[in-house]
Amino acid sequence: MELSYYVKQRANEKDVGDAMVDLVAKLYPICRSITGDGVRQTLKIISQHYPVLVHEVPSGTKVFDWVVPPEWNITDAYFKGPSGERIVDFADHNLHVLNYSVPVNRKMSLAELKPHLHTLPDHPDWVPYRTSYYQEDWGFCLSHNKYMGLPDGEYEIYIDSSLKPGNLTYGEIFLKGQTENEILISTHVCHPSLCNDNLAGISLATYLSSIISKSPHKYSYRVLFIPGTIGSITWLALNEHRLPAIKHGLVAACVGDSGHLTYKKSRRATADIDRAVQLAFRDAEVEYEIEDFFPYGYDERQYCSPGINLPMGCLMRTPHGQYEEYHTSADNLDFVKAEALLDSLETYLSVFYILENNVTYLNMNPKCEPQLGSRGLYSHMGGNPDSGEQQMAMLWVLNFSDGNHSLVDISEMSGIRFDFIKIVGDMLVKHGLLQIVN
Amino acid sequence: MELSYYVKQRANEKDVGDAMVDLVAKLYPICRSITGDGVRQTLKIISQHYPVLVHEVPSGTKVFDWVVPPEWNITDAYFKGPSGERIVDFADHNLHVLNYSVPVNRKMSLAELKPHLHTLPDHPDWVPYRTSYYQEDWGFCLSHNKYMGLPDGEYEIYIDSSLKPGNLTYGEIFLKGQTENEILISTHVCHPSLCNDNLAGISLATYLSSIISKSPHKYSYRVLFIPGTIGSITWLALNEHRLPAIKHGLVAACVGDSGHLTYKKSRRATADIDRAVQLAFRDAEVEYEIEDFFPYGYDERQYCSPGINLPMGCLMRTPHGQYEEYHTSADNLDFVKAEALLDSLETYLSVFYILENNVTYLNMNPKCEPQLGSRGLYSHMGGNPDSGEQQMAMLWVLNFSDGNHSLVDISEMSGIRFDFIKIVGDMLVKHGLLQIVN
Amino acid sequence: MELSYYVKQRANEKDVGDAMVDLVAKLYPICRSITGDGVRQTLKIISQHYPVLVHEVPSGTKVFDWVVPPEWNITDAYFKGPSGERIVDFADHNLHVLNYSVPVNRKMSLAELKPHLHTLPDHPDWVPYRTSYYQEDWGFCLSHNKYMGLPDGEYEIYIDSSLKPGNLTYGEIFLKGQTENEILISTHVCHPSLCNDNLAGISLATYLSSIISKSPHKYSYRVLFIPGTIGSITWLALNEHRLPAIKHGLVAACVGDSGHLTYKKSRRATADIDRAVQLAFRDAEVEYEIEDFFPYGYDERQYCSPGINLPMGCLMRTPHGQYEEYHTSADNLDFVKAEALLDSLETYLSVFYILENNVTYLNMNPKCEPQLGSRGLYSHMGGNPDSGEQQMAMLWVLNFSDGNHSLVDISEMSGIRFDFIKIVGDMLVKHGLLQIVN
């Protein structure tokens with residue numbers, strides 16, 4: 001399996017980065033939330049790229065300490081000012097409504113309305129994104145400039161939403177591999193018109209699924225399209241029996257902005273996934289950032305809770321809350337870039353390439369070096385101080401293939417690219433100099 | 001127990017720092033040594049603040065490899081020059097006599113006298129502090145300026161001291177806590193008129209005792225006022241059966257100068273006391289220094305000898321020998337400061353606060369996060385990137401309360417102040433989300 | 001045993017550094033290879049300094065994955081140009097012939113000859129060193145300047161060499177010590193007229209043998225003079241039963257240039273030999289470099305192969321391939337320096353001094369400090385902040401002689417010179433305060 005090279009070949013057929021942006025654009029207008037038809041529409045569009053199994057979990061289902069909430073849907077929302085025109089209208093931008101607002105149809109003064117209005121004084125042109133999932137409330141989000149210009153007088157408030165027993169909807173793609181061991185990819189689908197957070201993650205998970213499905217792979221891959229927090233809690237509560245099979249995992253979020261790559265380690269800190277991502281970054285020879293685990297952020301909060309503790313990190317670009325556009329109307333189609341999405345996709349594939357190929361070999365001639373020259377693996381001309389990259393890689397793999405060092409270990413120790421180490425390992429296996437331990 | 005806050009409240013009633021200086025001043029004129037009436041007078045004055053149990057250990061008592069020496073007392077000492085006037089007089093300053101000098105009453109030439117005179121050529125105005133406890137000798141300490149001006153001629157030497165079977169005297173305060181587990185505080189009482197070393201330590205140990213006695217506390221506190229070296233050896237030899245109960249300890253010395261705080265680690269290097277002091281320093285957001293253990297300094301030499309190896313460090317300000325006034329007449333009342341003494345006292349209390357409250361909790365909902373919002377512990381309004389300090393602290397405590405991490409661990413990992421972690425832990429216990437493991 | 005001091009005393013009798021250079025000069029003209037009479041002549045000259053046991057291993061002997069090659073000898077080699085004069089002549093410099101060239105006696109055009117010529121375009125005056133041991137080939141090495149001036153026309157090629165069944169020759173010195181535990185020193189003898197690599201190593205190993213033989217020593221020392229790669233493989237294959245006795249080892253190479261000392265760690269990385277060399281460097285207060293193990297370089301490649309894994313590092317000056325003169329005619333008598341050879345020799349002796357004296361003591365008075373003063377080991381005059389180097393060293397040795405810390409541990413922890421720690425340890429043993437554990 002040559003996952004890491006696949007996308008570049010494919011890029012010759014079609015510009016994958018542009019295609020990823022197209023999918024983001026298609027999903028952008030939909031008003032998603034943690035439940036409701038927005039998620040269903042989203043999964044339907046994803047299914048046009050790769051078939052998604054859609055799960056519906058009834059409201060009221062107990063999931064660990066939580067309960068699946070009532071389903072929320074919305075058709076219209078606005079408020080009119082004293083002169084009767086619609087000042088803020090859900091039809092213009094779905095961020096205008098406090099997500100999960102209960103239905104309202106009332107008149108009130110500006111003073112009564114104000115506590116229900118949310119703005120960003122530091123970015124007076126932007127509309128913030130706010131939610132109130134677990135406490136009944138209603139509200140509007142608008143630009144601070146518009147807010148400052150609101151005239152006194154009577155306002156008419158109208159929110160045509162429904163909040164009633166229904167389902168929590170999530171999607172799942174399962175790509176059966178040669179073994180039962182799984183790699184889990186989780187991405188949240190609950191945010192409305194916000195591009196980097198997280199239509200970018202959705203697009204990446206969709207294209208990953210499609211690409212992986214076309215290559216042979218040792219691991220089985222499970223890709224979850226879930227609402228944040230309640231979605232991962234729901235999946236974990238209903239799938240506890242699956243957890244032992246999950247060997248590695250990544251939460252995909254904020255993968256489309258033009259910042260550099262960032263990896264937030266799993267709670268275990270030194271799991272294979274943590275090491276594989278760091279090697280992939282190192283070998284890509286790009287700028288990157290590594291963060292220690294902390295119990296905040298995306299769904300790694302749940303996957304890395306103490307009673308679950310999966311080896312899952314979060315592979316993103318600029319992290320959660322570290323860019324100003326985060327959770328505002330400025331996280332729009334201009335904010336995500338085709339080359340960033342493609343680079344994120346390739347990085348995910350590189351990480352999976354490392355995990356797929358991280359075997360431990362045993363040197364069959366452990367006493368002194370085997371004679372590489374007689375096997376055509378070593379320059380017959382001696383004396384030259386430059387031993388050549390390939391000979392050096394062979395010596396590293398042979399010396400540390402003692403049953404205790406994996407190829408990841410050897411790549412880390414030697415500083416030699418993982419893919420080169422892997423190629424050299426294959427060559428030595430072919431010559432009977434190595435055997436696989438596990 | 002809120003030990004760390006106690007002193008600040010108390011500071012409203014009376015200036016504790018000034019009171020600590022007052023006690024130093026009261027003890028300053030007394031001529032102490034490793035035995036004798038000076039120690040007894042000192043313990044009597046301490047007892048006016050908090051009752052001290054006075055122990056007398058007879059000369060000749062075998063204590064490990066050592067023997068309690070004869071008791072030394074002194075009433076007068078001087079030498080007169082050729083013109084008959086007293087040139088150096090014990091009545092002026094008790095440092096003038098070599099501590100433990102045997103009695104002398106002789107006439108001699110300057111040349112004969114000189115080998116018995118001790119000065120500090122680099123600080124010609126200061127009088128050094130010198131002792132000869134374990135080999136019979138006599139001598140005088142004086143300023144180098146005075147020494148240089150000594151005229152030739154006949155000198156009359158007079159030392160009215162006694163060195164005979166008696167006792168080694170030490171004081172002990174025991175503050176019974178809710179458990180048998182002990183925290184040991186040891187401070188040396190053998191130095192004559194030297195303020196930072198160690199009337200400051202004596203004053204601190206006295207005020208600590210008084211404050212701790214007024215608060216409930218889990219640990220029992222044992223405070224020792226002992227002569228250096230022979231005192232700790234004596235106590236350890238006679239109290240070996242007590243050592244298993246000692247869970248943490250500090251040697252208090254040099255705590256009154258205006259330098260920054262310094263902590264010398266225990267021989268174990270990573271004991272709870274070592275970590276608690278470092279957290280207290282970090283949380284105080286002050287400049288400080290950490291030293292690795294080395295087998296020299298104060299009584300940690302004995303407490304951390306290989307066959308004793310107690311988890312005891314030395315919490316001081318400027319260390320032993322690192323200030324020029326050390327062991328000279330310049331370590332006087334001007335050298336110790338009320339604010340430094342108070343800061344040292346508060347630091348000791350902060351350390352004890354951490355040790356008293358360093359429990360390990362178990363998260364009762366370890367699978368995914370518990371729903372904090374429904375318990376009123378989490379803002380119901382979502383989307384805001386700032387989660388708030390308290391929510392963050394709760395997430396840290398919940399995530400790492402897996403039975404393997406104490407609150408000290410969590411405070412270290414998260415970088416969040418220990419006292420805040422503790423408050424948040426209490427809150428989570430109250431809501432049934434945590435239980436104490438130990 | 002005072003190995004480290006020996007050479008300095010000896011230096012009073014004779015200049016050891018100059019003597020080492022003399023030996024290099026005597027060995028310089030000989031044309032060595034991995035087999036043949038050059039090695040035999042070399043061992044004969046070494047035997048004039050200390051008797052060497054010469055081993056002959058027949059061609060065709062199977063040694064692990066390798067086979068001892070046919071023996072190579074050479075008497076004459078040159079090529080003549082169109083005008084008939086000898087352009088390149090083995091008699092001028094033995095590097096001129098590709099080492100292990102098969103016999104040739106042919107005429108050919110310059111174009112046919114060129115693929116057999118080796119030069120160094122970056123150093124146009126130097127002649128490179130090239131070999132072809134394991135694939136039959138022939139060739140000449142010459143300066144790039146001469147190469148550029150070769151006229152077109154017919155060339156006469158003559159190499160009078162033989163390549164036929166014979167032996168691989170190596171030398172061994174065994175210096176029986178008080179125990180069966182061995183220190184192995186290995187140096188390669190296969191290079192022709194190259195001084196730093198490795199006549200310097202040969203000279204050092206010879207003088208080491210001679211000096212060690214004159215002192216009592218706890219360890220047995222085994223010194224191998226072997227051809228690189230095939231020699232160490234041969235010795236290891238025929239001496240596997242000896243490996244358990246080898247406790248420490250060093251590969252001696254490149255020890256004569258004027259660069260600073262370099263140590264390449266054993267594959268084990270924290271073996272006693274690794275720590276002893278680093279202490280010796282530290283205590284010498286010189287500039288030095290430490291390299292992690294990598295599976296390339298000299299015979300440590302074989303000694304540190306995964307199935308052998310001896311605790312052997314490589315103690316050199318400028319490493320293999322890091323100086324421009326490496327494997328060229330510029331690695332000549334000017335390139336090695338008497339003071340560098342002597343410094344290398346003294347460093348080897350210092351390392352052995354540490355290994356010979358690295359005992360673990362048990363403090364016989366582990367509870368509190370023993371009373372050093374009563375034993376005359378401690379200044380009786382107290383109060384002086386300077387405790388003195390010797391008292392400090394005694395306190396370190398006593399405190400950490402708990403059965404778990406060797407003198408190397410204590411020297412590392414304390415920063416105190418190993419030889420001083422050792423002297424102080426002896427003193428404390430004499431006073432009954434320490435006993436040897438092992």
# chains A, B, ... in the order shown; residues from 1 in each chain; ligands from 1
>>> closest_atom_pairs(of="chain C", to="chain A", cutoff="8 Å", atoms="only C-alpha atoms", output="Markdown table")
| residue | atom | partner | partner_atom | distance |
| --- | --- | --- | --- | --- |
| C:Phe64 | CA | A:Lys367 | CA | 6.9 |
| C:Asp65 | CA | A:Pro370 | CA | 5.4 |
| C:Trp66 | CA | A:Gln371 | CA | 6.1 |
| C:Tyr129 | CA | A:Gly383 | CA | 5.9 |
| C:Arg130 | CA | A:Gly383 | CA | 4.8 |
| C:Thr131 | CA | A:Gly382 | CA | 4.8 |
| C:Ser132 | CA | A:Met381 | CA | 5.1 |
| C:Tyr133 | CA | A:His380 | CA | 7.5 |
| C:Tyr134 | CA | A:His380 | CA | 6.6 |
| C:Gln135 | CA | A:His380 | CA | 6.3 |
| C:Ile233 | CA | A:Cys368 | CA | 6.2 |
| C:Phe294 | CA | A:Trp396 | CA | 7.3 |
| C:Pro295 | CA | A:Leu395 | CA | 5.8 |
| C:Tyr296 | CA | A:Leu395 | CA | 7.2 |
| C:Arg301 | CA | A:Cys368 | CA | 7.3 |
| C:Gln302 | CA | A:Cys368 | CA | 4.5 |
| C:Tyr303 | CA | A:Cys368 | CA | 7.0 |
| C:Cys304 | CA | A:Cys368 | CA | 7.7 |
| C:Ser305 | CA | A:Cys368 | CA | 5.0 |
| C:Pro306 | CA | A:Pro366 | CA | 5.3 |
| C:Gly307 | CA | A:Pro366 | CA | 4.4 |
| C:Ile308 | CA | A:Lys367 | CA | 5.5 |
| C:His320 | CA | A:Pro385 | CA | 7.7 |
| C:Gly321 | CA | A:Pro385 | CA | 5.3 |
| C:Tyr326 | CA | A:Pro385 | CA | 7.9 |
| C:His327 | CA | A:Gly383 | CA | 6.5 |
>>> select_by_dssp(residues="segment 229-304 of chain A", states="strand (DSSP E)", output="number ranges by chain")
A: 246-252, 261-264, 288-291
>>> residues_around(residues="segment 175-180 of chain B", least_positions_apart="3", cutoff="9 Å", atoms="only C-alpha atoms", output="mmCIF file with N, CA, C and O atoms, in the first residue's frame")
data_model
loop_
_atom_site.group_PDB
_atom_site.id
_atom_site.type_symbol
_atom_site.label_atom_id
_atom_site.label_comp_id
_atom_site.auth_asym_id
_atom_site.auth_seq_id
_atom_site.Cartn_x
_atom_site.Cartn_y
_atom_site.Cartn_z
ATOM 1 N N SER B 209 4.558 27.331 64.449
ATOM 2 C CA SER B 209 3.926 26.469 65.457
ATOM 3 C C SER B 209 2.650 27.114 65.972
ATOM 4 O O SER B 209 1.599 26.472 66.085
ATOM 5 N N ILE B 212 -0.071 27.161 63.128
ATOM 6 C CA ILE B 212 -0.602 25.834 62.804
ATOM 7 C C ILE B 212 -1.485 25.331 63.943
ATOM 8 O O ILE B 212 -2.525 24.701 63.723
ATOM 9 N N SER B 213 -1.091 25.646 65.171
ATOM 10 C CA SER B 213 -1.857 25.150 66.330
ATOM 11 C C SER B 213 -3.275 25.703 66.339
ATOM 12 O O SER B 213 -4.155 25.152 66.994
ATOM 13 N N PRO B 216 -7.224 23.549 62.113
ATOM 14 C CA PRO B 216 -7.259 22.094 62.043
ATOM 15 C C PRO B 216 -6.251 21.628 60.988
ATOM 16 O O PRO B 216 -6.020 22.326 60.000
ATOM 17 N N HIS B 217 -5.621 20.492 61.213
ATOM 18 C CA HIS B 217 -4.652 19.988 60.234
ATOM 19 C C HIS B 217 -4.631 18.478 60.249
ATOM 20 O O HIS B 217 -4.793 17.856 61.283
ATOM 21 N N LYS B 218 -4.433 17.927 59.065
ATOM 22 C CA LYS B 218 -4.449 16.485 58.857
ATOM 23 C C LYS B 218 -3.162 15.881 59.393
ATOM 24 O O LYS B 218 -3.170 14.894 60.120
ATOM 25 N N TYR B 219 -2.042 16.483 59.036
ATOM 26 C CA TYR B 219 -0.748 15.992 59.505
ATOM 27 C C TYR B 219 -0.495 16.448 60.927
ATOM 28 O O TYR B 219 -0.956 17.517 61.342
ATOM 29 N N SER B 220 0.267 15.641 61.662
ATOM 30 C CA SER B 220 0.864 16.115 62.906
ATOM 31 C C SER B 220 2.160 16.825 62.549
ATOM 32 O O SER B 220 2.857 16.418 61.611
ATOM 33 N N TYR B 221 2.445 17.912 63.264
ATOM 34 C CA TYR B 221 3.656 18.694 62.994
ATOM 35 C C TYR B 221 4.591 18.559 64.183
ATOM 36 O O TYR B 221 4.181 18.733 65.328
ATOM 37 N N ARG B 222 5.853 18.236 63.905
ATOM 38 C CA ARG B 222 6.859 18.159 64.958
ATOM 39 C C ARG B 222 7.933 19.193 64.636
ATOM 40 O O ARG B 222 8.524 19.164 63.553
ATOM 41 N N VAL B 223 8.132 20.113 65.569
ATOM 42 C CA VAL B 223 9.075 21.211 65.343
ATOM 43 C C VAL B 223 10.226 21.044 66.325
ATOM 44 O O VAL B 223 10.005 20.984 67.539
ATOM 45 N N ALA B 245 6.917 7.437 60.573
ATOM 46 C CA ALA B 245 5.746 8.320 60.523
ATOM 47 C C ALA B 245 6.035 9.648 59.825
ATOM 48 O O ALA B 245 5.107 10.369 59.458
ATOM 49 N N ILE B 246 7.307 9.979 59.646
ATOM 50 C CA ILE B 246 7.643 11.281 59.043
ATOM 51 C C ILE B 246 7.511 11.195 57.526
ATOM 52 O O ILE B 246 8.270 10.511 56.855
#
>>> residues_around(residues="Asp343 of chain B", least_positions_apart="2", cutoff="9 Å", atoms="only C-alpha atoms", output="list in words")
Gly17, Val255, Gly256, Leu261, Ala338, Glu339, Ala340, Leu341, Leu345, Glu346, Thr347 and Tyr348 of chain B
>>> write_last_selection(atoms="N, CA, C and O atoms", output="PDB file, in the first residue's frame")
ATOM      1  N   GLY B  17       5.242  40.079  60.424  1.00  0.00           N
ATOM      2  CA  GLY B  17       6.650  40.253  60.076  1.00  0.00           C
ATOM      3  C   GLY B  17       7.400  41.027  61.148  1.00  0.00           C
ATOM      4  O   GLY B  17       8.484  40.620  61.583  1.00  0.00           O
ATOM      5  N   VAL B 255      16.304  32.284  56.734  1.00  0.00           N
ATOM      6  CA  VAL B 255      15.017  32.640  56.139  1.00  0.00           C
ATOM      7  C   VAL B 255      14.673  34.121  56.293  1.00  0.00           C
ATOM      8  O   VAL B 255      13.548  34.516  56.001  1.00  0.00           O
ATOM      9  N   GLY B 256      15.657  34.963  56.706  1.00  0.00           N
ATOM     10  CA  GLY B 256      15.315  36.353  56.990  1.00  0.00           C
ATOM     11  C   GLY B 256      15.997  37.398  56.128  1.00  0.00           C
ATOM     12  O   GLY B 256      15.680  38.587  56.213  1.00  0.00           O
ATOM     13  N   LEU B 261      13.932  33.327  47.496  1.00  0.00           N
ATOM     14  CA  LEU B 261      13.782  32.012  48.104  1.00  0.00           C
ATOM     15  C   LEU B 261      14.623  30.971  47.371  1.00  0.00           C
ATOM     16  O   LEU B 261      14.775  31.027  46.145  1.00  0.00           O
ATOM     17  N   ALA B 338      11.695  42.332  58.035  1.00  0.00           N
ATOM     18  CA  ALA B 338      10.343  41.867  58.397  1.00  0.00           C
ATOM     19  C   ALA B 338       9.628  41.270  57.194  1.00  0.00           C
ATOM     20  O   ALA B 338       9.014  40.199  57.271  1.00  0.00           O
ATOM     21  N   GLU B 339       9.732  41.917  56.029  1.00  0.00           N
ATOM     22  CA  GLU B 339       8.981  41.407  54.861  1.00  0.00           C
ATOM     23  C   GLU B 339       9.555  40.077  54.376  1.00  0.00           C
ATOM     24  O   GLU B 339       8.814  39.213  53.899  1.00  0.00           O
ATOM     25  N   ALA B 340      10.891  39.909  54.541  1.00  0.00           N
ATOM     26  CA  ALA B 340      11.499  38.643  54.131  1.00  0.00           C
ATOM     27  C   ALA B 340      11.043  37.521  55.069  1.00  0.00           C
ATOM     28  O   ALA B 340      10.688  36.423  54.632  1.00  0.00           O
ATOM     29  N   LEU B 341      11.055  37.793  56.360  1.00  0.00           N
ATOM     30  CA  LEU B 341      10.603  36.785  57.335  1.00  0.00           C
ATOM     31  C   LEU B 341       9.146  36.399  57.067  1.00  0.00           C
ATOM     32  O   LEU B 341       8.791  35.212  57.078  1.00  0.00           O
ATOM     33  N   LEU B 345       7.646  32.802  55.994  1.00  0.00           N
ATOM     34  CA  LEU B 345       6.571  32.164  56.774  1.00  0.00           C
ATOM     35  C   LEU B 345       5.405  31.778  55.869  1.00  0.00           C
ATOM     36  O   LEU B 345       4.899  30.646  55.914  1.00  0.00           O
ATOM     37  N   GLU B 346       4.997  32.692  55.009  1.00  0.00           N
ATOM     38  CA  GLU B 346       3.880  32.411  54.101  1.00  0.00           C
ATOM     39  C   GLU B 346       4.216  31.284  53.143  1.00  0.00           C
ATOM     40  O   GLU B 346       3.352  30.474  52.792  1.00  0.00           O
ATOM     41  N   THR B 347       5.474  31.237  52.723  1.00  0.00           N
ATOM     42  CA  THR B 347       5.874  30.161  51.806  1.00  0.00           C
ATOM     43  C   THR B 347       5.798  28.812  52.507  1.00  0.00           C
ATOM     44  O   THR B 347       5.282  27.837  51.950  1.00  0.00           O
ATOM     45  N   TYR B 348       6.293  28.759  53.738  1.00  0.00           N
ATOM     46  CA  TYR B 348       6.175  27.498  54.505  1.00  0.00           C
ATOM     47  C   TYR B 348       4.701  27.095  54.620  1.00  0.00           C
ATOM     48  O   TYR B 348       4.345  25.932  54.434  1.00  0.00           O
TER      49      TYR B 348
END
>>> residues_around(residues="His188 of chain C", least_positions_apart="5", cutoff="10 Å", atoms="only C-alpha atoms", output="PyMOL selection string")
chain C and resi 34+170+197-199+201-202+224-229+231-232+251-253+298-299
>>> closest_residue(among="A:Phe335, A:Phe281, A:Tyr361, A:Tyr263", to="Phe293 of chain A", atoms="only C-alpha atoms")
A:Tyr263
>>> atom_distance(atom1="atom CA of Tyr28 of chain B", atom2="atom CA of Ser193 of chain B")
5.1 Å
